[in-house]
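Participant: Dropping in final.cif, which is mmCIF, C-alpha atoms, pLDDT in the B column; chains and numbers go by the auth columns:
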data_work
#
loop_
_atom_site.group_PDB
_atom_site.id
_atom_site.type_symbol
_atom_site.label_atom_id
_atom_site.label_comp_id
_atom_site.label_asym_id
_atom_site.label_seq_id
_atom_site.Cartn_x
_atom_site.Cartn_y
_atom_site.Cartn_z
_atom_site.B_iso_or_equiv
_atom_site.auth_seq_id
_atom_site.auth_asym_id
ATOM 1 C CA MET A 1 -16.872 8.946 7.345 67.00 1 A
ATOM 2 C CA GLY A 2 -17.861 7.401 10.668 81.00 2 A
ATOM 3 C CA GLU A 3 -19.962 4.763 8.903 87.00 3 A
ATOM 4 C CA MET A 4 -17.046 3.841 6.610 83.00 4 A
ATOM 5 C CA GLU A 5 -14.719 3.492 9.601 85.00 5 A
ATOM 6 C CA LYS A 6 -17.258 1.227 11.298 88.00 6 A
ATOM 7 C CA VAL A 7 -17.606 -0.998 8.218 88.00 7 A
ATOM 8 C CA PHE A 8 -13.805 -1.092 7.754 84.00 8 A
ATOM 9 C CA PHE A 9 -13.316 -2.102 11.403 87.00 9 A
ATOM 10 C CA GLU A 10 -15.986 -4.815 11.161 90.00 10 A
ATOM 11 C CA LEU A 11 -14.382 -6.189 7.996 86.00 11 A
ATOM 12 C CA GLY A 12 -11.020 -6.260 9.771 84.00 12 A
ATOM 13 C CA GLU A 13 -12.549 -8.232 12.623 88.00 13 A
ATOM 14 C CA ARG A 14 -14.000 -10.734 10.157 86.00 14 A
ATOM 15 C CA TYR A 15 -10.563 -11.197 8.559 79.00 15 A
ATOM 16 C CA LYS A 16 -8.996 -11.713 11.997 82.00 16 A
ATOM 17 C CA THR A 17 -11.537 -14.425 12.772 82.00 17 A
ATOM 18 C CA LEU A 18 -10.866 -16.087 9.433 75.00 18 A
ATOM 19 C CA PHE A 19 -7.081 -16.023 9.869 73.00 19 A
ATOM 20 C CA HIS A 20 -7.168 -17.289 13.460 78.00 20 A
ATOM 21 C CA LEU A 21 -8.886 -20.450 12.287 75.00 21 A
ATOM 22 C CA LYS A 22 -5.863 -22.038 10.611 72.00 22 A
ATOM 23 C CA GLU A 23 -7.934 -24.830 9.116 75.00 23 A
ATOM 24 C CA ASN A 24 -9.573 -22.152 6.942 74.00 24 A
ATOM 25 C CA PHE A 25 -6.333 -21.399 5.039 79.00 25 A
ATOM 26 C CA ASN A 26 -6.509 -24.433 2.782 83.00 26 A
ATOM 27 C CA LYS A 27 -10.277 -24.698 2.754 84.00 27 A
ATOM 28 C CA SER A 28 -11.651 -25.004 -0.755 87.00 28 A
ATOM 29 C CA LEU A 29 -13.845 -22.122 -1.897 84.00 29 A
ATOM 30 C CA VAL A 30 -16.026 -21.858 -4.966 90.00 30 A
ATOM 31 C CA ILE A 31 -16.386 -18.237 -6.005 87.00 31 A
ATOM 32 C CA GLU A 32 -17.891 -16.320 -8.904 89.00 32 A
ATOM 33 C CA ASN A 33 -15.759 -13.561 -10.354 82.00 33 A
ATOM 34 C CA PRO A 34 -17.219 -10.317 -11.782 81.00 34 A
ATOM 35 C CA ALA A 35 -17.146 -11.748 -15.329 85.00 35 A
ATOM 36 C CA GLY A 36 -19.491 -14.509 -14.175 85.00 36 A
ATOM 37 C CA ASP A 37 -16.945 -17.328 -14.252 91.00 37 A
ATOM 38 C CA ILE A 38 -16.922 -19.905 -11.458 92.00 38 A
ATOM 39 C CA MET A 39 -13.562 -20.738 -9.896 89.00 39 A
ATOM 40 C CA GLU A 40 -12.420 -23.123 -7.187 91.00 40 A
ATOM 41 C CA THR A 41 -9.606 -21.772 -5.012 89.00 41 A
ATOM 42 C CA SER A 42 -8.508 -21.556 -1.373 88.00 42 A
ATOM 43 C CA VAL A 43 -8.341 -18.840 1.264 82.00 43 A
ATOM 44 C CA SER A 44 -4.527 -18.928 1.136 84.00 44 A
ATOM 45 C CA ALA A 45 -4.596 -18.327 -2.630 87.00 45 A
ATOM 46 C CA LEU A 46 -6.875 -15.295 -2.183 84.00 46 A
ATOM 47 C CA VAL A 47 -4.781 -13.538 0.491 82.00 47 A
ATOM 48 C CA PRO A 48 -2.362 -11.924 -2.033 86.00 48 A
ATOM 49 C CA HIS A 49 -5.352 -10.687 -4.042 85.00 49 A
ATOM 50 C CA VAL A 50 -6.963 -9.083 -0.992 81.00 50 A
ATOM 51 C CA VAL A 51 -3.664 -7.496 0.054 81.00 51 A
ATOM 52 C CA ASN A 52 -2.943 -6.042 -3.400 86.00 52 A
ATOM 53 C CA HIS A 53 -6.431 -5.158 -4.628 87.00 53 A
ATOM 54 C CA GLY A 54 -6.453 -1.672 -3.103 84.00 54 A
ATOM 55 C CA SER A 55 -3.201 -0.875 -4.914 86.00 55 A
ATOM 56 C CA TYR A 56 -4.853 -1.757 -8.207 88.00 56 A
ATOM 57 C CA HIS A 57 -7.698 0.695 -7.615 88.00 57 A
ATOM 58 C CA ARG A 58 -5.439 3.471 -6.292 87.00 58 A
ATOM 59 C CA GLY A 59 -3.346 3.145 -9.451 89.00 59 A
ATOM 60 C CA ASN A 60 -6.416 3.364 -11.684 91.00 60 A
ATOM 61 C CA ILE A 61 -7.746 6.421 -9.869 90.00 61 A
ATOM 62 C CA THR A 62 -4.341 8.121 -10.017 89.00 62 A
ATOM 63 C CA ALA A 63 -4.053 7.444 -13.766 92.00 63 A
ATOM 64 C CA MET A 64 -7.542 8.844 -14.417 93.00 64 A
ATOM 65 C CA LEU A 65 -6.824 11.986 -12.405 92.00 65 A
ATOM 66 C CA ARG A 66 -3.561 12.570 -14.323 92.00 66 A
ATOM 67 C CA GLN A 67 -5.409 12.137 -17.631 95.00 67 A
ATOM 68 C CA MET A 68 -7.808 14.852 -16.463 95.00 68 A
ATOM 69 C CA GLY A 69 -4.871 17.192 -15.805 95.00 69 A
ATOM 70 C CA HIS A 70 -4.639 16.808 -12.030 92.00 70 A
ATOM 71 C CA PRO A 71 -1.183 16.438 -10.468 89.00 71 A
ATOM 72 C CA SER A 72 0.001 13.024 -9.299 82.00 72 A
ATOM 73 C CA VAL A 73 -0.518 12.134 -5.672 78.00 73 A
ATOM 74 C CA MET A 74 1.359 9.624 -3.560 80.00 74 A
ATOM 75 C CA THR A 75 -0.850 6.607 -2.907 80.00 75 A
ATOM 76 C CA ASP A 76 1.652 4.352 -1.128 81.00 76 A
ATOM 77 C CA TYR A 77 0.083 3.072 2.094 78.00 77 A
ATOM 78 C CA GLY A 78 3.438 2.687 3.864 81.00 78 A
ATOM 79 C CA LEU A 79 4.296 6.326 3.160 83.00 79 A
ATOM 80 C CA TYR A 80 0.837 7.352 4.395 80.00 80 A
ATOM 81 C CA LEU A 81 1.458 5.527 7.679 80.00 81 A
ATOM 82 C CA TYR A 82 4.884 7.117 8.018 82.00 82 A
ATOM 83 C CA LYS A 83 3.605 10.648 7.346 82.00 83 A
ATOM 84 C CA ASN A 84 0.728 10.161 9.802 78.00 84 A
ATOM 85 C CA LYS A 85 2.706 8.352 12.515 76.00 85 A
ATOM 86 C CA ASN A 86 2.058 11.048 15.113 70.00 86 A
ATOM 87 C CA THR A 87 -1.711 10.775 14.712 66.00 87 A
ATOM 88 C CA ARG A 88 -1.689 6.965 14.770 60.00 88 A
ATOM 89 C CA GLY A 89 0.700 6.380 17.665 61.00 89 A
ATOM 90 C CA LEU A 90 3.353 4.834 15.412 59.00 90 A
ATOM 91 C CA LYS A 91 7.055 5.255 15.997 61.00 91 A
ATOM 92 C CA PRO A 92 9.540 4.890 13.139 56.00 92 A
ATOM 93 C CA VAL A 93 12.265 2.316 13.641 57.00 93 A
ATOM 94 C CA VAL A 94 14.602 4.094 11.208 53.00 94 A
ATOM 95 C CA SER A 95 14.647 7.817 10.459 49.00 95 A
ATOM 96 C CA PHE A 96 15.168 8.993 6.898 45.00 96 A
#
Hey, can you dump this file as structure tokens for me?
Facilitator:
Amino acid sequence: MGEMEKVFFELGERYKTLFHLKENFNKSLVIENPAGDIMETSVSALVPHVVNHGSYHRGNITAMLRQMGHPSVMTDYGLYLYKNKNTRGLKPVVSF
């Protein structure tokens, strides 16, 4: 787990560097998708994909587990942060 945390932190630092350089937002990128197609896009067009991609995989994993007879689990990141606020130093603005 320590290695994953290290890699996650390093990736976060790389994103911070990218986002602090505002000229990068509209920079043209040529990328290859998993199907092998080449696409020209920009950093700003990829941000929604990066933000939502984890949700896609959590949904797939949850669906597979349900199909195998396992109970559903909550995979919402906001709820995770709220439930773990005491261990992460977060304070809720509104109580439910």
Participant: Provide the CA of Phe25 in chain A to CA of Ala45 in chain A distance in Å, to one decimal place.
Facilitator: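 We find that CA of Phe25 in chain A and CA of Ala45 in chain A lie 8.4 Å from each other.
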Participant: Contacts of Leu46 in chain A at 12 Å or less, counting only C-alpha atoms, minus same-chain residues fewer than 6 places along, as a PyMOL selection string?
Facilitator: chain A and resi 24-31+39-40+52-53
Participant: So which residues fall inside 12 Å of (-0.4, 8.4, -2.1) if we count only C-alpha atoms? Mind giving them as a ChimeraX atom specification?
Facilitator: /A:54-55,57-59,61-62,71-83
Participant: Once you have the residues from the selection above, write them out as a PDB file, in the coordinates of the input, restricted to C-alpha atoms.
Facilitator:
ATOM      1  CA  GLY A  54      -6.453  -1.672  -3.103  1.00 84.00           C
ATOM      2  CA  SER A  55      -3.201  -0.875  -4.914  1.00 86.00           C
ATOM      3  CA  HIS A  57      -7.698   0.695  -7.615  1.00 88.00           C
ATOM      4  CA  ARG A  58      -5.439   3.471  -6.292  1.00 87.00           C
ATOM      5  CA  GLY A  59      -3.346   3.145  -9.451  1.00 89.00           C
ATOM      6  CA  ILE A  61      -7.746   6.421  -9.869  1.00 90.00           C
ATOM      7  CA  THR A  62      -4.341   8.121 -10.017  1.00 89.00           C
ATOM      8  CA  PRO A  71      -1.183  16.438 -10.468  1.00 89.00           C
ATOM      9  CA  SER A  72       0.001  13.024  -9.299  1.00 82.00           C
ATOM     10  CA  VAL A  73      -0.518  12.134  -5.672  1.00 78.00           C
ATOM     11  CA  MET A  74       1.359   9.624  -3.560  1.00 80.00           C
ATOM     12  CA  THR A  75      -0.850   6.607  -2.907  1.00 80.00           C
ATOM     13  CA  ASP A  76       1.652   4.352  -1.128  1.00 81.00           C
ATOM     14  CA  TYR A  77       0.083   3.072   2.094  1.00 78.00           C
ATOM     15  CA  GLY A  78       3.438   2.687   3.864  1.00 81.00           C
ATOM     16  CA  LEU A  79       4.296   6.326   3.160  1.00 83.00           C
ATOM     17  CA  TYR A  80       0.837   7.352   4.395  1.00 80.00           C
ATOM     18  CA  LEU A  81       1.458   5.527   7.679  1.00 80.00           C
ATOM     19  CA  TYR A  82       4.884   7.117   8.018  1.00 82.00           C
ATOM     20  CA  LYS A  83       3.605  10.648   7.346  1.00 82.00           C
TER      21      LYS A  83
END
Participant: Measure the distance from CA of Ser42 in chain A to CA of Thr17 in chain A in Å and round it to one decimal.
Facilitator: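 Computing it gives 16.1 Å between the two atoms.
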Participant: Just checking: using all atoms listed in the file, which residue out of A:Leu11, A:Ile38, A:Ala63, A:Val43 ends up closest to Glu23 in chain A?
Facilitator: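 For Glu23 in chain A, the nearest of the given residues is A:Val43.
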Participant: Which one is closest to Ser44 in chain A: A:Gly2, A:Met64, A:His70, A:Lys22? Count all atoms listed in the file.
Facilitator: A:Lys22
Participant: Just how far from CA of Tyr15 in chain A is CA of His49 in chain A, in Å to one decimal?
Facilitator: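 Result for CA of His49 in chain A versus CA of Tyr15 in chain A: 13.6 Å, one decimal.
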Participant: Could the centre and edge lengths of an axis-aligned box, enclosing all atoms of range 65-82 of chain A in the file with 4 Å extra on each side, be given in Å to one decimal as JSON?
Facilitator:
{"center_x": -1.5, "center_y": 9.9, "center_z": -4.8, "size_x": 20.7, "size_y": 22.5, "size_z": 33.6}
Participant: Pull C-alpha atoms for range 11-90 of chain A from the block and write them as a short mmCIF file (atom, residue, chain, number, x, y, z; two decimals), in the first residue's frame.
Facilitator:
data_model
loop_
_atom_site.label_atom_id
_atom_site.label_comp_id
_atom_site.auth_asym_id
_atom_site.auth_seq_id
_atom_site.Cartn_x
_atom_site.Cartn_y
_atom_site.Cartn_z
CA LEU A 11 1.04 11.55 -10.05
CA GLY A 12 -0.78 14.30 -8.15
CA GLU A 13 2.37 16.41 -8.16
CA ARG A 14 2.70 15.94 -11.92
CA TYR A 15 -0.90 17.09 -12.42
CA LYS A 16 -0.27 20.14 -10.23
CA THR A 17 2.74 21.07 -12.35
CA LEU A 18 0.70 20.63 -15.52
CA PHE A 19 -2.20 22.75 -14.26
CA HIS A 20 0.01 25.55 -12.93
CA LEU A 21 1.38 26.09 -16.42
CA LYS A 22 -1.72 27.73 -17.89
CA GLU A 23 -0.30 27.67 -21.40
CA ASN A 24 -0.59 23.87 -21.22
CA PHE A 25 -4.42 23.95 -21.07
CA ASN A 26 -4.93 24.59 -24.77
CA LYS A 27 -1.79 22.84 -25.92
CA SER A 28 -2.47 20.38 -28.70
CA LEU A 29 -1.79 16.74 -27.86
CA VAL A 30 -1.67 13.75 -30.16
CA ILE A 31 -2.59 10.61 -28.25
CA GLU A 32 -3.24 6.96 -29.06
CA ASN A 33 -6.28 5.42 -27.43
CA PRO A 34 -6.42 1.75 -26.32
CA ALA A 35 -8.11 0.74 -29.60
CA GLY A 36 -5.06 2.01 -31.47
CA ASP A 37 -6.69 5.11 -32.95
CA ILE A 38 -4.75 8.38 -33.06
CA MET A 39 -6.54 11.50 -31.85
CA GLU A 40 -5.61 15.16 -31.59
CA THR A 41 -7.02 16.91 -28.53
CA SER A 42 -6.02 19.36 -25.79
CA VAL A 43 -5.24 19.14 -22.09
CA SER A 44 -8.45 21.06 -21.29
CA ALA A 45 -10.51 18.52 -23.25
CA LEU A 46 -8.94 15.63 -21.31
CA VAL A 47 -9.56 17.03 -17.81
CA PRO A 48 -13.20 15.78 -17.63
CA HIS A 49 -12.02 12.33 -18.74
CA VAL A 50 -9.36 12.18 -16.03
CA VAL A 51 -11.81 13.39 -13.38
CA ASN A 52 -14.52 10.87 -14.33
CA HIS A 53 -12.45 7.83 -15.33
CA GLY A 54 -12.25 6.39 -11.81
CA SER A 55 -16.05 6.50 -11.57
CA TYR A 56 -16.28 4.40 -14.71
CA HIS A 57 -14.06 1.68 -13.25
CA ARG A 58 -15.73 1.74 -9.81
CA GLY A 59 -19.08 1.25 -11.53
CA ASN A 60 -17.78 -1.70 -13.55
CA ILE A 61 -16.27 -3.36 -10.49
CA THR A 62 -19.47 -2.84 -8.50
CA ALA A 63 -21.58 -4.35 -11.30
CA MET A 64 -19.30 -7.40 -11.55
CA LEU A 65 -19.39 -7.97 -7.80
CA ARG A 66 -23.22 -7.77 -7.77
CA GLN A 67 -23.38 -10.28 -10.65
CA MET A 68 -21.26 -12.62 -8.51
CA GLY A 69 -23.76 -12.30 -5.65
CA HIS A 70 -21.87 -9.82 -3.48
CA PRO A 71 -23.83 -6.95 -1.91
CA SER A 72 -23.56 -3.46 -3.37
CA VAL A 73 -21.03 -1.10 -1.85
CA MET A 74 -21.00 2.68 -1.89
CA THR A 75 -18.28 3.90 -4.23
CA ASP A 76 -18.99 7.64 -4.13
CA TYR A 77 -15.74 9.49 -3.42
CA GLY A 78 -17.50 12.44 -1.75
CA LEU A 79 -19.24 10.09 0.69
CA TYR A 80 -15.91 8.36 1.36
CA LEU A 81 -14.34 11.71 2.26
CA TYR A 82 -17.28 12.59 4.49
CA LYS A 83 -17.22 9.25 6.33
CA ASN A 84 -13.45 9.49 6.82
CA LYS A 85 -13.30 13.19 7.71
CA ASN A 86 -11.87 12.55 11.17
CA THR A 87 -8.92 10.60 9.78
CA ARG A 88 -8.22 13.14 7.03
CA GLY A 89 -8.54 16.35 9.03
CA LEU A 90 -11.65 17.45 7.13
#
